[in-house]
>>> print(open('final.cif').read())   # mmCIF, C-alpha atoms and all ligand atoms
data_query
loop_
_atom_site.group_PDB
_atom_site.id
_atom_site.type_symbol
_atom_site.label_atom_id
_atom_site.label_comp_id
_atom_site.auth_asym_id
_atom_site.auth_seq_id
_atom_site.Cartn_x
_atom_site.Cartn_y
_atom_site.Cartn_z
ATOM 1 C CA MET D 1 0.588 99.427 91.117
ATOM 2 C CA THR D 2 4.183 98.266 90.986
ATOM 3 C CA THR D 3 6.039 95.482 92.696
ATOM 4 C CA THR D 4 9.461 96.239 94.127
ATOM 5 C CA VAL D 5 12.234 93.893 95.184
ATOM 6 C CA THR D 6 14.773 95.289 97.665
ATOM 7 C CA LEU D 7 17.889 93.507 98.864
ATOM 8 C CA THR D 8 17.978 94.081 102.623
ATOM 9 C CA GLY D 9 21.280 92.266 102.897
ATOM 10 C CA THR D 10 23.818 90.890 100.426
ATOM 11 C CA GLY D 11 26.405 89.567 102.861
ATOM 12 C CA VAL D 12 27.438 86.182 104.194
ATOM 13 C CA PRO D 13 28.506 84.933 107.645
ATOM 14 C CA ILE D 14 31.974 86.494 107.356
ATOM 15 C CA PRO D 15 31.293 90.209 108.027
ATOM 16 C CA SER D 16 31.847 92.685 105.252
ATOM 17 C CA PRO D 17 31.499 96.507 105.416
ATOM 18 C CA GLY D 18 28.179 97.723 104.035
ATOM 19 C CA ARG D 19 26.674 94.302 103.627
ATOM 20 C CA ALA D 20 23.988 93.175 106.066
ATOM 21 C CA GLY D 21 22.995 89.519 106.351
ATOM 22 C CA ALA D 22 20.679 87.713 103.980
ATOM 23 C CA GLY D 23 17.302 89.248 103.247
ATOM 24 C CA VAL D 24 14.945 90.321 100.465
ATOM 25 C CA LEU D 25 11.868 92.522 100.745
ATOM 26 C CA VAL D 26 9.057 92.227 98.173
ATOM 27 C CA ARG D 27 6.479 95.025 98.216
ATOM 28 C CA TYR D 28 3.181 95.194 96.379
ATOM 29 C CA GLY D 29 0.972 97.995 97.674
ATOM 30 C CA GLU D 30 0.386 97.403 101.348
ATOM 31 C CA THR D 31 1.689 93.853 101.105
ATOM 32 C CA MET D 32 5.234 93.693 102.459
ATOM 33 C CA LEU D 33 6.887 90.312 102.498
ATOM 34 C CA GLN D 34 10.326 89.794 104.002
ATOM 35 C CA PHE D 35 12.406 86.765 103.065
ATOM 36 C CA ASP D 36 15.041 85.811 105.642
ATOM 37 C CA ALA D 37 16.354 88.074 108.376
ATOM 38 C CA GLY D 38 20.122 88.014 108.578
ATOM 39 C CA ARG D 39 22.395 90.381 110.481
ATOM 40 C CA GLY D 40 21.179 93.994 110.399
ATOM 41 C CA THR D 41 17.806 93.308 108.771
ATOM 42 C CA VAL D 42 15.894 95.687 111.072
ATOM 43 C CA LEU D 43 18.260 98.527 110.225
ATOM 44 C CA ARG D 44 18.013 97.899 106.487
ATOM 45 C CA LEU D 45 14.206 97.698 106.614
ATOM 46 C CA THR D 46 14.162 101.021 108.444
ATOM 47 C CA GLU D 47 16.466 102.531 105.820
ATOM 48 C CA ALA D 48 14.141 101.185 103.129
ATOM 49 C CA GLY D 49 11.306 103.102 104.785
ATOM 50 C CA VAL D 50 9.518 100.038 106.101
ATOM 51 C CA GLY D 51 8.376 99.980 109.713
ATOM 52 C CA LEU D 52 8.411 96.634 111.475
ATOM 53 C CA HIS D 53 4.680 97.071 112.073
ATOM 54 C CA GLU D 54 4.164 97.189 108.301
ATOM 55 C CA LEU D 55 5.507 93.710 107.599
ATOM 56 C CA THR D 56 2.749 91.444 106.343
ATOM 57 C CA ALA D 57 4.635 88.183 106.775
ATOM 58 C CA LEU D 58 8.157 86.851 107.044
ATOM 59 C CA PHE D 59 9.458 83.773 105.225
ATOM 60 C CA VAL D 60 12.591 81.819 106.135
ATOM 61 C CA THR D 61 14.581 79.828 103.563
ATOM 62 C CA HIS D 62 16.606 77.653 105.971
ATOM 63 C CA ALA D 63 18.066 77.477 109.445
ATOM 64 C CA HIS D 64 21.626 78.701 108.811
ATOM 65 C CA SER D 65 22.341 81.480 111.287
ATOM 66 C CA ASP D 66 23.194 84.061 108.619
ATOM 67 C CA HIS D 67 19.533 83.842 107.505
ATOM 68 C CA VAL D 68 17.813 83.937 110.897
ATOM 69 C CA ILE D 69 20.089 85.775 113.324
ATOM 70 C CA GLY D 70 18.072 88.983 112.799
ATOM 71 C CA LEU D 71 14.743 87.268 113.382
ATOM 72 C CA PRO D 72 14.536 87.835 117.166
ATOM 73 C CA ASP D 73 15.431 91.476 116.448
ATOM 74 C CA VAL D 74 12.461 91.773 114.056
ATOM 75 C CA VAL D 75 10.071 90.116 116.503
ATOM 76 C CA LEU D 76 11.239 91.955 119.632
ATOM 77 C CA GLY D 77 11.489 95.290 117.811
ATOM 78 C CA ARG D 78 7.953 94.909 116.548
ATOM 79 C CA TRP D 79 6.746 93.947 120.002
ATOM 80 C CA ILE D 80 8.489 96.807 121.819
ATOM 81 C CA GLN D 81 6.852 99.379 119.533
ATOM 82 C CA ASP D 82 3.470 97.672 119.801
ATOM 83 C CA HIS D 83 2.088 100.405 122.054
ATOM 84 C CA VAL D 84 2.711 102.883 119.202
ATOM 85 C CA TRP D 85 1.628 100.744 116.254
ATOM 86 C CA GLN D 86 -0.633 97.879 117.255
ATOM 87 C CA THR D 87 0.166 95.054 114.930
ATOM 88 C CA GLY D 88 -0.407 91.741 116.643
ATOM 89 C CA PRO D 89 1.670 88.644 116.055
ATOM 90 C CA LEU D 90 3.982 88.303 113.078
ATOM 91 C CA ASP D 91 3.116 85.574 110.584
ATOM 92 C CA LEU D 92 6.238 83.502 110.147
ATOM 93 C CA HIS D 93 6.468 80.860 107.419
ATOM 94 C CA LEU D 94 9.307 78.415 107.552
ATOM 95 C CA PRO D 95 10.347 74.890 106.648
ATOM 96 C CA ALA D 96 9.543 72.234 109.241
ATOM 97 C CA GLY D 97 12.655 70.960 110.996
ATOM 98 C CA ALA D 98 15.596 73.019 112.219
ATOM 99 C CA ALA D 99 14.219 76.418 111.126
ATOM 100 C CA ALA D 100 10.881 75.848 112.851
ATOM 101 C CA GLU D 101 12.675 74.550 115.954
ATOM 102 C CA PHE D 102 14.870 77.646 116.028
ATOM 103 C CA ALA D 103 11.853 79.953 115.826
ATOM 104 C CA ALA D 104 10.083 78.076 118.613
ATOM 105 C CA ARG D 105 12.998 78.693 120.991
ATOM 106 C CA MET D 106 14.565 81.920 119.731
ATOM 107 C CA LEU D 107 12.949 84.207 122.321
ATOM 108 C CA ASP D 108 13.866 81.992 125.292
ATOM 109 C CA PRO D 109 17.182 83.795 126.003
ATOM 110 C CA TYR D 110 15.226 87.070 126.194
ATOM 111 C CA ALA D 111 12.857 85.828 128.921
ATOM 112 C CA ALA D 112 14.263 88.164 131.599
ATOM 113 C CA ASP D 113 14.037 91.208 129.308
ATOM 114 C CA ILE D 114 10.510 90.263 128.260
ATOM 115 C CA ALA D 115 9.445 89.910 131.906
ATOM 116 C CA LEU D 116 10.991 93.278 132.831
ATOM 117 C CA ARG D 117 9.340 95.086 129.954
ATOM 118 C CA MET D 118 5.983 93.553 130.864
ATOM 119 C CA GLU D 119 6.328 94.994 134.357
ATOM 120 C CA HIS D 120 6.619 98.424 132.789
ATOM 121 C CA VAL D 121 4.962 99.022 129.420
ATOM 122 C CA GLN D 122 4.149 95.895 127.472
ATOM 123 C CA GLU D 123 0.819 94.292 128.323
ATOM 124 C CA ALA D 124 1.403 90.895 126.771
ATOM 125 C CA PRO D 125 4.446 88.864 125.745
ATOM 126 C CA PRO D 126 5.638 88.900 122.138
ATOM 127 C CA GLU D 127 3.546 86.635 119.997
ATOM 128 C CA LEU D 128 4.448 84.773 116.850
ATOM 129 C CA ARG D 129 2.236 82.931 114.424
ATOM 130 C CA PRO D 130 4.591 80.271 113.062
ATOM 131 C CA HIS D 131 3.465 78.260 110.051
ATOM 132 C CA ALA D 132 5.814 75.343 109.405
ATOM 133 C CA PHE D 133 5.494 73.561 106.088
ATOM 134 C CA ALA D 134 7.028 70.359 104.729
ATOM 135 C CA CYS D 135 9.661 70.849 102.032
ATOM 136 C CA ALA D 136 8.613 69.387 98.695
ATOM 137 C CA SER D 137 10.411 69.000 95.377
ATOM 138 C CA GLU D 138 7.401 70.416 93.503
ATOM 139 C CA PRO D 139 6.386 74.047 94.097
ATOM 140 C CA ARG D 140 3.591 74.389 96.640
ATOM 141 C CA GLU D 141 1.554 77.457 97.433
ATOM 142 C CA ILE D 142 2.027 78.319 101.086
ATOM 143 C CA TRP D 143 0.585 81.822 101.300
ATOM 144 C CA SER D 144 -1.953 83.921 99.396
ATOM 145 C CA ARG D 145 -3.625 87.268 100.040
ATOM 146 C CA ASP D 146 -4.786 90.357 98.141
ATOM 147 C CA GLY D 147 -3.677 89.040 94.751
ATOM 148 C CA VAL D 148 -0.222 87.953 95.924
ATOM 149 C CA THR D 149 0.819 84.321 96.270
ATOM 150 C CA VAL D 150 3.967 82.684 97.609
ATOM 151 C CA GLU D 151 5.127 79.197 96.661
ATOM 152 C CA ALA D 152 8.024 77.199 98.112
ATOM 153 C CA VAL D 153 10.147 74.426 96.633
ATOM 154 C CA ALA D 154 12.954 72.371 98.182
ATOM 155 C CA VAL D 155 16.440 73.251 96.929
ATOM 156 C CA HIS D 156 19.879 71.640 97.231
ATOM 157 C CA HIS D 157 21.851 73.069 100.124
ATOM 158 C CA GLU D 158 22.906 69.718 101.519
ATOM 159 C CA PRO D 159 23.968 68.933 104.181
ATOM 160 C CA VAL D 160 21.213 71.356 105.271
ATOM 161 C CA PRO D 161 18.144 69.123 104.930
ATOM 162 C CA ASP D 162 15.314 71.650 104.835
ATOM 163 C CA ALA D 163 16.100 74.576 102.546
ATOM 164 C CA VAL D 164 13.687 76.212 100.134
ATOM 165 C CA ALA D 165 13.409 78.796 97.382
ATOM 166 C CA TYR D 166 10.330 80.995 97.114
ATOM 167 C CA ARG D 167 8.345 82.336 94.177
ATOM 168 C CA VAL D 168 6.190 85.430 94.668
ATOM 169 C CA ARG D 169 3.510 86.222 92.115
ATOM 170 C CA THR D 170 1.816 89.595 92.076
ATOM 171 C CA PRO D 171 -0.415 91.131 89.407
ATOM 172 C CA ASP D 172 2.775 92.793 88.080
ATOM 173 C CA GLY D 173 4.877 89.683 87.637
ATOM 174 C CA THR D 174 7.003 87.026 89.266
ATOM 175 C CA VAL D 175 9.928 87.194 91.684
ATOM 176 C CA VAL D 176 12.006 84.174 92.693
ATOM 177 C CA ILE D 177 14.285 84.085 95.743
ATOM 178 C CA SER D 178 16.723 81.188 95.728
ATOM 179 C CA GLY D 179 17.771 81.131 99.359
ATOM 180 C CA ASP D 180 21.017 79.159 99.631
ATOM 181 C CA THR D 181 21.458 76.373 97.104
ATOM 182 C CA ARG D 182 23.696 74.868 94.502
ATOM 183 C CA VAL D 183 22.544 75.646 90.978
ATOM 184 C CA CYS D 184 19.650 73.223 90.666
ATOM 185 C CA ASP D 185 16.767 72.171 88.420
ATOM 186 C CA GLU D 186 14.179 73.100 91.045
ATOM 187 C CA VAL D 187 15.138 76.793 90.978
ATOM 188 C CA GLU D 188 15.452 76.689 87.193
ATOM 189 C CA MET D 189 11.876 75.423 86.875
ATOM 190 C CA LEU D 190 10.635 77.869 89.482
ATOM 191 C CA SER D 191 12.330 80.747 87.617
ATOM 192 C CA ARG D 192 10.804 80.022 84.208
ATOM 193 C CA ASN D 193 10.166 83.478 82.665
ATOM 194 C CA ALA D 194 10.511 85.152 86.067
ATOM 195 C CA ASP D 195 10.765 88.934 85.950
ATOM 196 C CA VAL D 196 13.315 88.967 88.769
ATOM 197 C CA LEU D 197 15.458 86.155 90.131
ATOM 198 C CA VAL D 198 17.343 86.957 93.327
ATOM 199 C CA HIS D 199 19.959 84.227 93.505
ATOM 200 C CA GLU D 200 22.858 83.540 95.819
ATOM 201 C CA ALA D 201 26.222 83.601 94.061
ATOM 202 C CA CYS D 202 29.592 81.968 94.695
ATOM 203 C CA ARG D 203 32.645 82.279 92.431
ATOM 204 C CA THR D 204 33.336 78.544 92.513
ATOM 205 C CA THR D 205 34.799 78.161 89.025
ATOM 206 C CA ALA D 206 37.202 81.084 89.378
ATOM 207 C CA LEU D 207 38.356 80.091 92.852
ATOM 208 C CA ARG D 208 38.339 76.299 92.546
ATOM 209 C CA ALA D 209 42.131 75.984 92.646
ATOM 210 C CA ALA D 210 42.514 78.589 95.396
ATOM 211 C CA VAL D 211 40.134 76.815 97.791
ATOM 212 C CA ALA D 212 41.157 73.231 97.021
ATOM 213 C CA GLY D 213 41.990 71.397 100.235
ATOM 214 C CA THR D 214 40.616 74.176 102.490
ATOM 215 C CA PRO D 215 37.297 74.267 104.409
ATOM 216 C CA PHE D 216 36.020 76.628 101.698
ATOM 217 C CA GLU D 217 36.047 73.752 99.229
ATOM 218 C CA LYS D 218 33.248 72.090 101.224
ATOM 219 C CA ILE D 219 31.397 75.363 101.688
ATOM 220 C CA PHE D 220 31.559 76.234 97.994
ATOM 221 C CA ALA D 221 30.084 72.808 97.159
ATOM 222 C CA TYR D 222 26.666 73.806 98.526
ATOM 223 C CA HIS D 223 26.518 77.267 97.020
ATOM 224 C CA ALA D 224 25.711 78.438 93.490
ATOM 225 C CA ASP D 225 28.590 78.674 91.034
ATOM 226 C CA THR D 226 28.230 81.984 89.184
ATOM 227 C CA VAL D 227 29.125 80.480 85.800
ATOM 228 C CA ALA D 228 26.542 77.695 86.089
ATOM 229 C CA LEU D 229 24.057 80.276 87.398
ATOM 230 C CA GLY D 230 24.469 82.244 84.165
ATOM 231 C CA GLY D 231 23.401 79.123 82.281
ATOM 232 C CA LEU D 232 20.386 78.619 84.542
ATOM 233 C CA ALA D 233 19.194 82.206 84.128
ATOM 234 C CA MET D 234 19.583 82.003 80.345
ATOM 235 C CA ARG D 235 17.689 78.713 80.024
ATOM 236 C CA ALA D 236 14.922 79.887 82.357
ATOM 237 C CA GLY D 237 14.440 83.145 80.446
ATOM 238 C CA VAL D 238 14.876 85.316 83.537
ATOM 239 C CA GLY D 239 14.328 89.032 82.884
ATOM 240 C CA HIS D 240 16.543 90.432 85.651
ATOM 241 C CA LEU D 241 19.068 88.450 87.658
ATOM 242 C CA MET D 242 20.085 89.988 90.975
ATOM 243 C CA LEU D 243 23.072 88.356 92.649
ATOM 244 C CA THR D 244 23.183 88.308 96.430
ATOM 245 C CA HIS D 245 24.868 86.386 99.288
ATOM 246 C CA LEU D 246 28.103 87.125 97.426
ATOM 247 C CA ILE D 247 30.983 84.719 98.067
ATOM 248 C CA PRO D 248 33.525 86.179 98.363
ATOM 249 C CA ALA D 249 31.999 89.589 99.099
ATOM 250 C CA PRO D 250 33.405 92.090 96.583
ATOM 251 C CA ASP D 251 34.709 95.329 98.087
ATOM 252 C CA ASP D 252 35.139 97.324 94.878
ATOM 253 C CA GLU D 253 33.771 97.614 91.357
ATOM 254 C CA ALA D 254 36.411 95.289 89.962
ATOM 255 C CA GLY D 255 35.282 92.624 92.415
ATOM 256 C CA GLU D 256 31.671 93.120 91.365
ATOM 257 C CA GLY D 257 32.728 93.015 87.721
ATOM 258 C CA ALA D 258 34.243 89.574 88.232
ATOM 259 C CA PHE D 259 30.817 88.232 89.308
ATOM 260 C CA GLU D 260 29.298 89.777 86.191
ATOM 261 C CA GLN D 261 31.928 88.244 83.920
ATOM 262 C CA ASP D 262 31.277 84.794 85.383
ATOM 263 C CA VAL D 263 27.525 85.051 84.773
ATOM 264 C CA ARG D 264 28.019 86.300 81.197
ATOM 265 C CA LEU D 265 30.469 83.454 80.606
ATOM 266 C CA GLY D 266 27.675 81.107 81.654
ATOM 267 C CA GLY D 267 25.522 82.494 78.845
ATOM 268 C CA TYR D 268 23.100 84.931 80.479
ATOM 269 C CA ALA D 269 22.453 88.058 78.388
ATOM 270 C CA GLY D 270 19.587 89.663 80.336
ATOM 271 C CA THR D 271 19.625 92.452 82.911
ATOM 272 C CA LEU D 272 22.159 91.674 85.611
ATOM 273 C CA SER D 273 22.799 93.316 88.971
ATOM 274 C CA VAL D 274 25.569 92.423 91.370
ATOM 275 C CA GLY D 275 23.716 93.123 94.575
ATOM 276 C CA ARG D 276 24.413 95.902 97.028
ATOM 277 C CA ASP D 277 22.354 96.490 100.153
ATOM 278 C CA LEU D 278 19.094 98.345 99.456
ATOM 279 C CA MET D 279 19.390 97.842 95.683
ATOM 280 C CA THR D 280 15.817 97.791 94.367
ATOM 281 C CA ALA D 281 14.263 96.370 91.198
ATOM 282 C CA THR D 282 10.809 97.408 90.024
ATOM 283 C CA ILE D 283 8.268 95.366 88.077
ATOM 284 C CA GLY D 284 5.101 96.667 86.462
HETATM 285 ZN ZN ZN W 301 22.989 78.424 104.087
HETATM 286 ZN ZN ZN W 302 23.747 81.750 103.808
#
>>> encode(input="final.cif", output="structure tokens")
Amino acid sequence: MTTTVTLTGTGVPIPSPGRAGAGVLVRYGETMLQFDAGRGTVLRLTEAGVGLHELTALFVTHAHSDHVIGLPDVVLGRWIQDHVWQTGPLDLHLPAGAAAEFAARMLDPYAADIALRMEHVQEAPPELRPHAFACASEPREIWSRDGVTVEAVAVHHEPVPDAVAYRVRTPDGTVVISGDTRVCDEVEMLSRNADVLVHEACRTTALRAAVAGTPFEKIFAYHADTVALGGLAMRAGVGHLMLTHLIPAPDDEAGEGAFEQDVRLGGYAGTLSVGRDLMTATIG
């Protein structure tokens, strides 16, 4: 068997052609785990050949809208097709706090649509199985099935209080998904000898002067500087670094090359991919 890692979205809140919102799909056999559901996630999953009914579980890194705005779309889409593929409720794992509160209320604005559909085809309202967990600075296993485990660790995306990275272990190897964070020790420890690290990337060093005194200066402060990220990936011994959540989103190969140069400057010599939507890495 092989494990595959597919970027279902490499974009950020500011829209960019060809880049859906944050999301990563990890597949091992029948196990299909989705991490975050930003703008356009349902479309990208469909393009990746994954039906909503096939999702095993969905994990959220934090409550920022660019990571959860596609979540009602996943849940409602799965529900609406339930008479074709009976799936039952979606298991949703998320940090306690704002993300869990969002999930608890996210279907409320759709109440009228849900009621109308139940008058026609649907027999029961959409159902979620939310599992909220407390963020911790040491990795904690939060999910395990069929030889696959998922651990979560708190990261540094302050002022967002409850943000996590995830580590997925399959019989083929290890995948780490940073979520949104500054370059931090927690992700470095989590990524030790990881086969694939999917990490958010922000060209802080290159653009420091350009953003000084603008709102971007504050925004850049809680994202991962590409140069420092190169150092992290080198020290951790990461096999393949996939950059995602690209700030600013590159729109040509030269723009992508600048991300690569930053990471190499930071010292990383392993396999490096500047993420594009639906880019897939294979382990095993
Ligand atoms: Zn964020
Ligand atoms: Zn984000």
>>> resolve_selection(input="final.cif", expression="the PyMOL selection byres (((not hetatm)) within 10 of (chain W and resi 301))", output="PyMOL selection string")
chain D and resi 12-13+22+61-67+157-160+163+179-181+200+219+222-223+245
>>> atom_distance(input="final.cif", atom1="atom CA of Pro139 of chain D", atom2="atom CA of Val183 of chain D")
16.5 Å
>>> closest_residue(input="final.cif", among="D:Ser144, D:Thr3, D:Ser178, D:Gln122", to="ligand ZN 302 (chain W)", atoms="all atoms listed in the file")
D:Ser178
>>> atom_distance(input="final.cif", atom1="atom CA of Thr149 of chain D", atom2="atom CA of Val75 of chain D")
23.0 Å
>>> closest_residue(input="final.cif", among="D:Met32, D:Ala37, D:Val198, D:Ala98", to="Gly51 of chain D", atoms="all atoms listed in the file")
D:Met32
>>> resolve_selection(input="final.cif", expression="the PyMOL selection byres (((chain D and resi 243) around 6) and not hetatm)", output="ChimeraX atom specification")
/D:198-201,242,244,274-275
>>> resolve_selection(input="final.cif", expression="the PyMOL selection byres (((chain D and resi 185) around 12) and not hetatm)", output="list in words")
Ser137, Glu138, Pro139, Val153, Ala154, Val155, His156, Ala165, Ser178, Thr181, Arg182, Val183, Cys184, Glu186, Val187, Glu188, Met189, Leu190, Ser191, Arg192, Ala228, Leu229, Gly231, Leu232, Ala233, Arg235 and Ala236 of chain D
>>> closest_residue(input="final.cif", among="D:Val74, D:Ala258, D:Ala134, D:Val150", to="Asp36 of chain D", atoms="all atoms listed in the file")
D:Val74
>>> closest_residue(input="final.cif", among="D:Leu246, D:Ala104, D:Val148, D:Met118", to="ligand ZN 302 (chain W)", atoms="all atoms listed in the file")
D:Leu246
>>> closest_residue(input="final.cif", among="D:Ala111, D:Ala212, D:Val196, D:Cys202", to="ligand ZN 302 (chain W)", atoms="all atoms listed in the file")
D:Cys202
>>> closest_residue(input="final.cif", among="D:Ala96, D:Pro126, D:Val26, D:Trp143", to="Tyr110 of chain D", atoms="all atoms listed in the file")
D:Pro126
